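> Contents of start_4.csv (CSV, C-alpha atoms) are given next:
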```
chain,number,residue,atom,x,y,z
A,15,MET,CA,-39.6,-10.9,26.2
A,16,GLY,CA,-41.6,-13.9,25.0
A,17,LYS,CA,-40.2,-17.1,23.7
A,18,ILE,CA,-40.1,-17.6,19.9
A,19,ASN,CA,-41.7,-20.8,18.5
A,20,ILE,CA,-38.8,-22.9,17.2
A,21,CYS,CA,-40.7,-23.9,14.0
A,22,VAL,CA,-41.6,-20.3,13.1
A,23,LYS,CA,-38.0,-19.3,13.8
A,24,ARG,CA,-36.6,-22.0,11.5
A,25,ALA,CA,-39.1,-21.3,8.8
A,26,PHE,CA,-38.2,-17.6,8.9
A,27,ILE,CA,-34.5,-18.2,8.7
A,28,PHE,CA,-35.0,-20.6,5.8
A,29,VAL,CA,-37.1,-17.9,3.9
A,30,CYS,CA,-34.3,-15.3,4.6
A,31,VAL,CA,-31.7,-17.6,3.2
A,32,LEU,CA,-33.8,-18.3,0.2
A,33,ILE,CA,-34.4,-14.6,-0.4
A,34,GLY,CA,-30.6,-14.0,-0.1
A,35,ILE,CA,-29.8,-16.6,-2.6
A,36,ILE,CA,-32.3,-15.4,-5.1
A,37,SER,CA,-31.2,-11.8,-4.7
A,38,THR,CA,-27.6,-12.8,-5.3
A,39,LEU,CA,-28.5,-14.6,-8.5
A,40,LEU,CA,-30.6,-11.7,-9.7
A,41,LEU,CA,-27.6,-9.4,-9.0
A,42,ALA,CA,-25.4,-11.6,-11.1
A,43,ILE,CA,-27.9,-11.8,-14.0
A,44,THR,CA,-28.3,-8.0,-14.0
A,45,LEU,CA,-24.6,-7.5,-14.0
A,46,PHE,CA,-23.8,-9.9,-16.8
A,47,GLY,CA,-27.0,-8.8,-18.7
A,48,HIS,CA,-25.3,-5.7,-19.9
A,49,GLY,CA,-23.5,-7.8,-22.5
A,50,PHE,CA,-26.8,-8.1,-24.5
A,51,PHE,CA,-27.0,-4.4,-25.1
A,52,HIS,CA,-24.3,-3.2,-27.5
A,53,LYS,CA,-25.7,0.1,-28.6
A,54,LYS,CA,-25.2,3.1,-26.4
A,55,GLU,CA,-28.8,4.3,-27.1
A,56,GLU,CA,-30.1,1.0,-25.8
A,57,ILE,CA,-28.2,1.3,-22.6
A,58,GLY,CA,-29.4,4.8,-22.1
A,59,GLU,CA,-33.0,3.8,-22.4
A,60,ILE,CA,-32.9,1.0,-19.9
A,61,LEU,CA,-30.3,2.6,-17.5
A,62,PRO,CA,-32.9,3.9,-14.9
A,63,GLY,CA,-34.5,0.4,-14.8
A,64,ILE,CA,-31.1,-1.3,-14.4
A,65,VAL,CA,-30.2,1.1,-11.5
A,66,MET,CA,-33.5,0.4,-9.8
A,67,MET,CA,-32.9,-3.4,-10.2
A,68,TYR,CA,-29.5,-3.0,-8.6
A,69,VAL,CA,-30.9,-1.1,-5.7
A,70,LEU,CA,-33.8,-3.5,-5.1
A,71,GLU,CA,-31.7,-6.6,-5.3
A,72,ALA,CA,-29.0,-5.3,-3.1
A,73,ALA,CA,-31.6,-4.0,-0.6
A,74,THR,CA,-33.3,-7.4,-0.4
A,75,LEU,CA,-30.0,-9.1,0.1
A,76,VAL,CA,-29.1,-6.9,3.0
A,77,LEU,CA,-32.5,-7.2,4.5
A,78,SER,CA,-32.4,-11.0,4.3
A,79,ILE,CA,-29.1,-10.9,6.3
A,80,PHE,CA,-30.6,-8.7,8.9
A,81,GLY,CA,-33.8,-10.8,9.1
A,82,GLY,CA,-31.8,-14.1,9.6
A,83,PHE,CA,-29.6,-12.4,12.2
A,84,GLY,CA,-32.5,-10.9,14.1
A,85,ALA,CA,-34.4,-14.3,14.3
A,86,ARG,CA,-31.3,-16.2,15.3
A,87,LYS,CA,-30.1,-13.8,18.0
A,88,GLU,CA,-33.7,-12.7,18.8
A,89,LYS,CA,-32.9,-9.0,18.0
A,90,LYS,CA,-36.2,-7.2,17.7
A,91,TRP,CA,-34.8,-4.2,15.8
A,92,ALA,CA,-33.4,-6.4,13.1
A,93,VAL,CA,-36.7,-8.2,12.5
A,94,VAL,CA,-38.6,-4.9,12.4
A,95,LEU,CA,-36.1,-3.6,9.8
A,96,PHE,CA,-36.6,-6.7,7.7
A,97,SER,CA,-40.4,-6.5,7.9
A,98,VAL,CA,-40.6,-2.8,7.0
A,99,GLY,CA,-38.0,-3.0,4.3
A,100,MET,CA,-39.4,-6.1,2.6
A,101,SER,CA,-43.0,-4.7,2.8
A,102,LEU,CA,-41.9,-1.6,0.9
A,103,ALA,CA,-39.9,-3.7,-1.6
A,104,SER,CA,-42.8,-6.1,-2.2
A,105,LEU,CA,-45.2,-3.2,-2.8
A,106,TYR,CA,-42.9,-1.6,-5.3
A,107,LEU,CA,-42.3,-4.8,-7.2
A,108,PHE,CA,-46.0,-5.5,-7.3
A,109,VAL,CA,-46.7,-2.1,-8.8
A,110,GLU,CA,-44.0,-2.6,-11.4
A,111,CYS,CA,-45.4,-6.0,-12.3
A,112,VAL,CA,-48.8,-4.4,-12.9
A,113,ARG,CA,-47.3,-1.6,-15.0
A,114,ALA,CA,-45.2,-4.1,-17.0
A,115,TYR,CA,-48.3,-6.2,-17.8
A,116,GLU,CA,-50.2,-3.1,-18.9
A,117,SER,CA,-47.4,-2.0,-21.2
A,118,LYS,CA,-47.5,-5.4,-23.1
A,119,HIS,CA,-49.6,-4.0,-26.0
A,120,LYS,CA,-47.5,-0.8,-26.2
A,121,LEU,CA,-44.3,-2.9,-26.4
A,122,GLU,CA,-45.8,-5.0,-29.2
A,123,GLU,CA,-46.7,-1.9,-31.1
A,124,LEU,CA,-43.3,-0.3,-30.7
A,125,THR,CA,-41.6,-3.5,-31.9
A,126,ARG,CA,-43.9,-3.7,-34.9
A,127,ASP,CA,-43.3,-0.1,-35.9
A,128,GLU,CA,-39.5,-0.5,-35.4
A,129,TYR,CA,-39.3,-3.5,-37.8
A,130,LEU,CA,-41.8,-2.2,-40.3
A,131,ALA,CA,-39.6,0.9,-40.7
A,132,MET,CA,-36.9,-1.4,-42.2
A,133,MET,CA,-39.2,-2.2,-45.2
A,134,PRO,CA,-38.5,-2.8,-48.0
A,135,LEU,CA,-35.8,-5.2,-47.0
A,136,SER,CA,-34.2,-5.2,-50.4
A,137,ARG,CA,-33.1,-1.6,-49.6
A,138,ALA,CA,-32.4,-2.0,-45.9
A,139,ASN,CA,-29.0,-0.9,-44.5
A,140,GLN,CA,-26.3,-3.3,-43.5
A,141,THR,CA,-27.1,-3.0,-39.8
A,142,ASP,CA,-30.7,-3.9,-40.3
A,143,ILE,CA,-29.8,-6.8,-42.6
A,144,LYS,CA,-27.5,-8.2,-40.0
A,145,GLU,CA,-30.2,-8.1,-37.3
A,146,ILE,CA,-32.8,-9.7,-39.5
A,147,TYR,CA,-30.3,-12.2,-40.8
A,148,ASN,CA,-29.6,-13.4,-37.2
A,149,MET,CA,-33.3,-13.4,-36.4
A,150,GLN,CA,-34.1,-15.6,-39.4
A,151,THR,CA,-31.3,-18.0,-38.4
A,152,ASN,CA,-32.4,-18.3,-34.7
A,153,ILE,CA,-36.1,-18.6,-35.0
A,154,LYS,CA,-36.4,-20.3,-38.4
A,155,CYS,CA,-38.4,-17.7,-40.3
A,156,CYS,CA,-38.1,-15.5,-43.4
A,157,GLY,CA,-38.9,-11.9,-44.0
A,158,LEU,CA,-41.1,-9.8,-41.7
A,159,VAL,CA,-44.6,-9.7,-42.9
A,160,GLN,CA,-45.1,-11.6,-46.2
A,161,GLY,CA,-42.3,-14.2,-45.8
A,162,TYR,CA,-39.6,-14.5,-48.5
A,163,GLN,CA,-41.4,-12.0,-50.7
A,164,ASP,CA,-40.3,-9.2,-48.5
A,165,TRP,CA,-36.8,-9.7,-49.8
A,166,GLY,CA,-37.7,-9.3,-53.5
A,167,THR,CA,-35.6,-11.3,-55.8
A,168,ASP,CA,-32.5,-11.7,-53.6
A,169,ILE,CA,-33.4,-14.0,-50.6
A,170,PRO,CA,-30.8,-14.4,-47.8
A,171,ILE,CA,-29.3,-17.8,-47.3
A,172,SER,CA,-30.6,-17.6,-43.7
A,173,CYS,CA,-34.1,-18.2,-45.1
A,174,LEU,CA,-33.0,-21.6,-46.5
A,175,CYS,CA,-34.9,-24.5,-45.1
A,176,SER,CA,-32.8,-27.6,-44.9
A,177,ASP,CA,-34.2,-31.2,-45.2
A,178,GLU,CA,-33.9,-31.6,-41.4
A,179,ASP,CA,-35.8,-28.3,-40.7
A,180,SER,CA,-38.6,-29.2,-43.1
A,181,THR,CA,-39.8,-31.9,-40.8
A,182,HIS,CA,-40.3,-29.4,-37.9
A,183,PHE,CA,-41.0,-26.1,-39.6
A,184,LYS,CA,-43.3,-25.0,-42.5
A,185,CYS,CA,-41.3,-24.6,-45.7
A,186,VAL,CA,-42.3,-23.6,-49.2
A,187,ALA,CA,-40.7,-23.3,-52.6
A,188,ARG,CA,-39.5,-19.9,-53.5
A,189,GLY,CA,-40.5,-18.0,-56.7
A,190,ASN,CA,-38.8,-18.8,-60.0
A,191,ASN,CA,-37.4,-15.3,-60.4
A,192,THR,CA,-35.6,-15.3,-57.0
A,193,ARG,CA,-32.2,-16.4,-56.0
A,194,PHE,CA,-30.3,-17.1,-52.7
A,195,VAL,CA,-27.6,-14.7,-51.7
A,196,ILE,CA,-25.2,-14.8,-48.7
A,197,HIS,CA,-24.9,-11.4,-47.0
A,198,TYR,CA,-21.8,-10.5,-45.0
A,199,PRO,CA,-23.1,-7.5,-42.9
A,200,ASN,CA,-19.8,-7.0,-41.1
A,201,SER,CA,-17.9,-6.5,-44.3
A,202,ASP,CA,-17.1,-3.1,-45.8
A,203,LYS,CA,-17.0,-4.4,-49.3
A,204,PRO,CA,-19.5,-3.3,-51.9
A,205,GLU,CA,-22.8,-5.3,-52.1
A,206,ASP,CA,-21.8,-7.1,-55.3
A,207,ASP,CA,-18.8,-8.6,-53.4
A,208,ASP,CA,-20.8,-9.4,-50.3
A,209,ARG,CA,-22.8,-12.3,-51.6
A,210,LYS,CA,-22.6,-15.7,-53.3
A,211,ARG,CA,-25.3,-16.7,-55.7
A,212,LEU,CA,-27.1,-20.0,-55.3
A,213,MET,CA,-29.4,-21.0,-58.2
A,214,ASP,CA,-30.7,-24.4,-57.1
A,215,GLU,CA,-34.4,-24.3,-57.9
A,216,HIS,CA,-35.3,-27.1,-55.5
A,217,MET,CA,-34.3,-25.3,-52.4
A,218,LEU,CA,-37.1,-24.4,-49.9
A,219,VAL,CA,-37.5,-21.4,-47.7
A,220,TYR,CA,-39.2,-20.9,-44.3
A,221,GLU,CA,-42.9,-20.0,-44.8
A,222,GLU,CA,-43.5,-18.1,-41.5
A,223,PRO,CA,-42.6,-14.4,-41.4
A,224,CYS,CA,-40.5,-13.3,-38.5
A,225,LEU,CA,-42.4,-10.3,-37.1
A,226,PRO,CA,-45.5,-12.2,-35.8
A,227,ILE,CA,-43.2,-14.8,-34.2
A,228,LEU,CA,-41.0,-12.1,-32.6
A,229,ILE,CA,-44.0,-10.2,-31.2
A,230,SER,CA,-45.5,-13.5,-29.8
A,231,VAL,CA,-42.2,-14.4,-28.2
A,232,LEU,CA,-41.9,-10.9,-26.6
A,233,GLY,CA,-45.4,-11.2,-25.2
A,234,TYR,CA,-44.8,-14.6,-23.7
A,235,GLY,CA,-41.5,-13.5,-22.3
A,236,LEU,CA,-43.0,-10.5,-20.7
A,237,ILE,CA,-45.8,-12.6,-19.1
A,238,LEU,CA,-43.2,-15.1,-17.9
A,239,ILE,CA,-41.0,-12.4,-16.3
A,240,THR,CA,-44.1,-10.8,-14.7
A,241,GLY,CA,-45.1,-14.2,-13.3
A,242,ILE,CA,-41.6,-14.8,-11.8
A,243,PHE,CA,-41.6,-11.4,-10.1
A,244,ILE,CA,-45.1,-12.0,-8.7
A,245,ALA,CA,-43.9,-15.3,-7.3
A,246,LEU,CA,-40.9,-13.4,-5.8
A,247,THR,CA,-43.3,-10.9,-4.3
A,248,ALA,CA,-45.3,-13.7,-2.7
A,249,LEU,CA,-42.1,-15.1,-1.2
A,250,TRP,CA,-41.2,-11.7,0.3
A,251,ASP,CA,-44.8,-11.5,1.7
A,252,ILE,CA,-44.3,-14.9,3.4
A,253,GLY,CA,-41.1,-13.6,5.0
A,254,VAL,CA,-43.0,-10.5,6.2
A,255,ALA,CA,-45.8,-12.6,7.7
A,256,LEU,CA,-43.3,-14.8,9.5
A,257,ALA,CA,-41.4,-11.7,10.8
A,258,ILE,CA,-44.7,-10.2,12.2
A,259,THR,CA,-45.4,-13.5,13.9
A,260,ILE,CA,-42.0,-13.5,15.5
A,261,LEU,CA,-42.4,-9.9,16.7
A,262,CYS,CA,-45.8,-10.8,18.2
A,263,GLN,CA,-44.2,-13.8,20.0
A,264,MET,CA,-41.3,-11.5,21.3
A,265,ARG,CA,-43.9,-9.1,22.8
A,266,ARG,CA,-45.8,-11.8,24.6
A,267,LYS,CA,-45.1,-11.8,28.3
A,268,PHE,CA,-45.4,-14.8,30.6
A,269,ASP,CA,-46.7,-14.6,34.2
A,270,VAL,CA,-44.0,-15.9,36.6
A,271,PRO,CA,-45.1,-16.5,40.2
A,272,PRO,CA,-43.1,-14.4,42.7
A,273,VAL,CA,-40.5,-16.2,44.9
A,274,ILE,CA,-40.3,-14.9,48.5
A,275,PHE,CA,-37.2,-15.5,50.6
A,276,THR,CA,-37.3,-15.3,54.4
A,277,SER,CA,-34.7,-15.5,57.2
A,278,GLN,CA,-37.1,-16.9,59.8
A,279,PRO,CA,-36.5,-20.5,60.9
A,280,HIS,CA,-38.9,-23.1,59.5
A,281,GLN,CA,-41.9,-23.8,61.6
A,282,TYR,CA,-41.4,-27.6,61.7
A,283,ARG,CA,-38.2,-27.2,63.6
A,284,GLU,CA,-40.0,-25.3,66.4
A,285,LEU,CA,-42.5,-28.1,66.7
A,286,CYS,CA,-39.8,-30.7,67.0
A,287,ASP,CA,-38.0,-28.8,69.7
A,288,THR,CA,-41.2,-28.5,71.7
A,289,ALA,CA,-41.8,-32.2,71.5
A,290,GLU,CA,-38.3,-33.1,72.8
A,291,ASN,CA,-38.7,-30.8,75.8
A,292,VAL,CA,-41.9,-32.5,76.8
```
Render the structure in this file as structure tokens.

Amino acid sequence: MGKINICVKRAFIFVCVLIGIISTLLLAITLFGHGFFHKKEEIGEILPGIVMMYVLEAATLVLSIFGGFGARKEKKWAVVLFSVGMSLASLYLFVECVRAYESKHKLEELTRDEYLAMMPLSRANQTDIKEIYNMQTNIKCCGLVQGYQDWGTDIPISCLCSDEDSTHFKCVARGNNTRFVIHYPNSDKPEDDDRKRLMDEHMLVYEEPCLPILISVLGYGLILITGIFIALTALWDIGVALAITILCQMRRKFDVPPVIFTSQPHQYRELCDTAENV
């Protein structure tokens, strides 16, 4: 068995440790990410993807351990297992990245259709009002398509643009026949008891509607996630390349000159004895 180059060996072990750390972090993110999905139907839709993420992350973690062990102890079978497993994982993740990028427009269309189904907002149910209320508060927008006009005469207080926000976001004056109301979507009280009227005519509202901003954020988020996974795939490919290099070095054989042992006396002793007799 050939000798492994120490620099290649250290680089491979470093990559294995890095892959193990990233896989552990992804496992933790996937585990705690369930808290973002409160509806049973949402969990059912993404359950196959979550299972595949668990399998992929756990597999890469185990393979990184085998790879580091194989390089450190110079175990050929462990390095082979790492190279084959990581090659398959890298190929699978690359295919999924391509599919995710191709589904970007489909995701945007589904999101647009989902929120447009809530229109008109003045007659939306309490669950939809709560969702839009939180969205308006978080991303500083109002309405879905036409701004505050989507709400009719009763504009939620989450559309209110404060003096501080007006310096960073576009704000406009609302119509004269409109009023601010505070919705309490979690309450079981009738609608008339769920709001407090605010009649100040000088209050401003956010000009930008929420739906275009939301679709843009989803698109950028999908591109960002795809880029992260492509970078992760590249890291796995580097590990596979180093593993193949180590395997090639293990198979390299060195020619060692044969050593011959003999029981015959050395020739110089015989010459010395002859000289003494003369």
> Find the spatial neighbours of A:Glu128, counting only C-alpha atoms, within a cut-off of 12 Å - ignore same-chain residues fewer than 4 positions away - and output them as a list in words.
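Non-adjacent residues within range: Leu121, Glu122, Glu123, Leu124, Met132, Met133, Asp142, Leu158, Leu225 and Ile229 of chain A.
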> Could you tell me how far atom CA of A:Leu40 sits from atom CA of A:Thr240, in Å to one decimal place?
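Between atom CA of A:Thr240 and atom CA of A:Leu40 the gap is 14.4 Å.
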> What is the atom CA of A:Gly235-atom CA of A:Lys118 distance in Å, reported with one decimal?
10.1 Å
> Could you check the closest approach to A:Val254 for each of A:Lys87, A:Leu105, A:Val69, A:Ser37 and tell me which residue wins, using all atoms listed in the file?
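Among A:Lys87, A:Leu105, A:Val69, A:Ser37, it is A:Leu105 that comes nearest to A:Val254.
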> Pick the closest to A:Phe28 from A:Ala85, A:Met67, A:Ala187, A:Val231: which is it, counting all atoms listed in the file?
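Checking each of A:Ala85, A:Met67, A:Ala187, A:Val231 against A:Phe28, counting all atoms listed in the file, the winner is A:Ala85.
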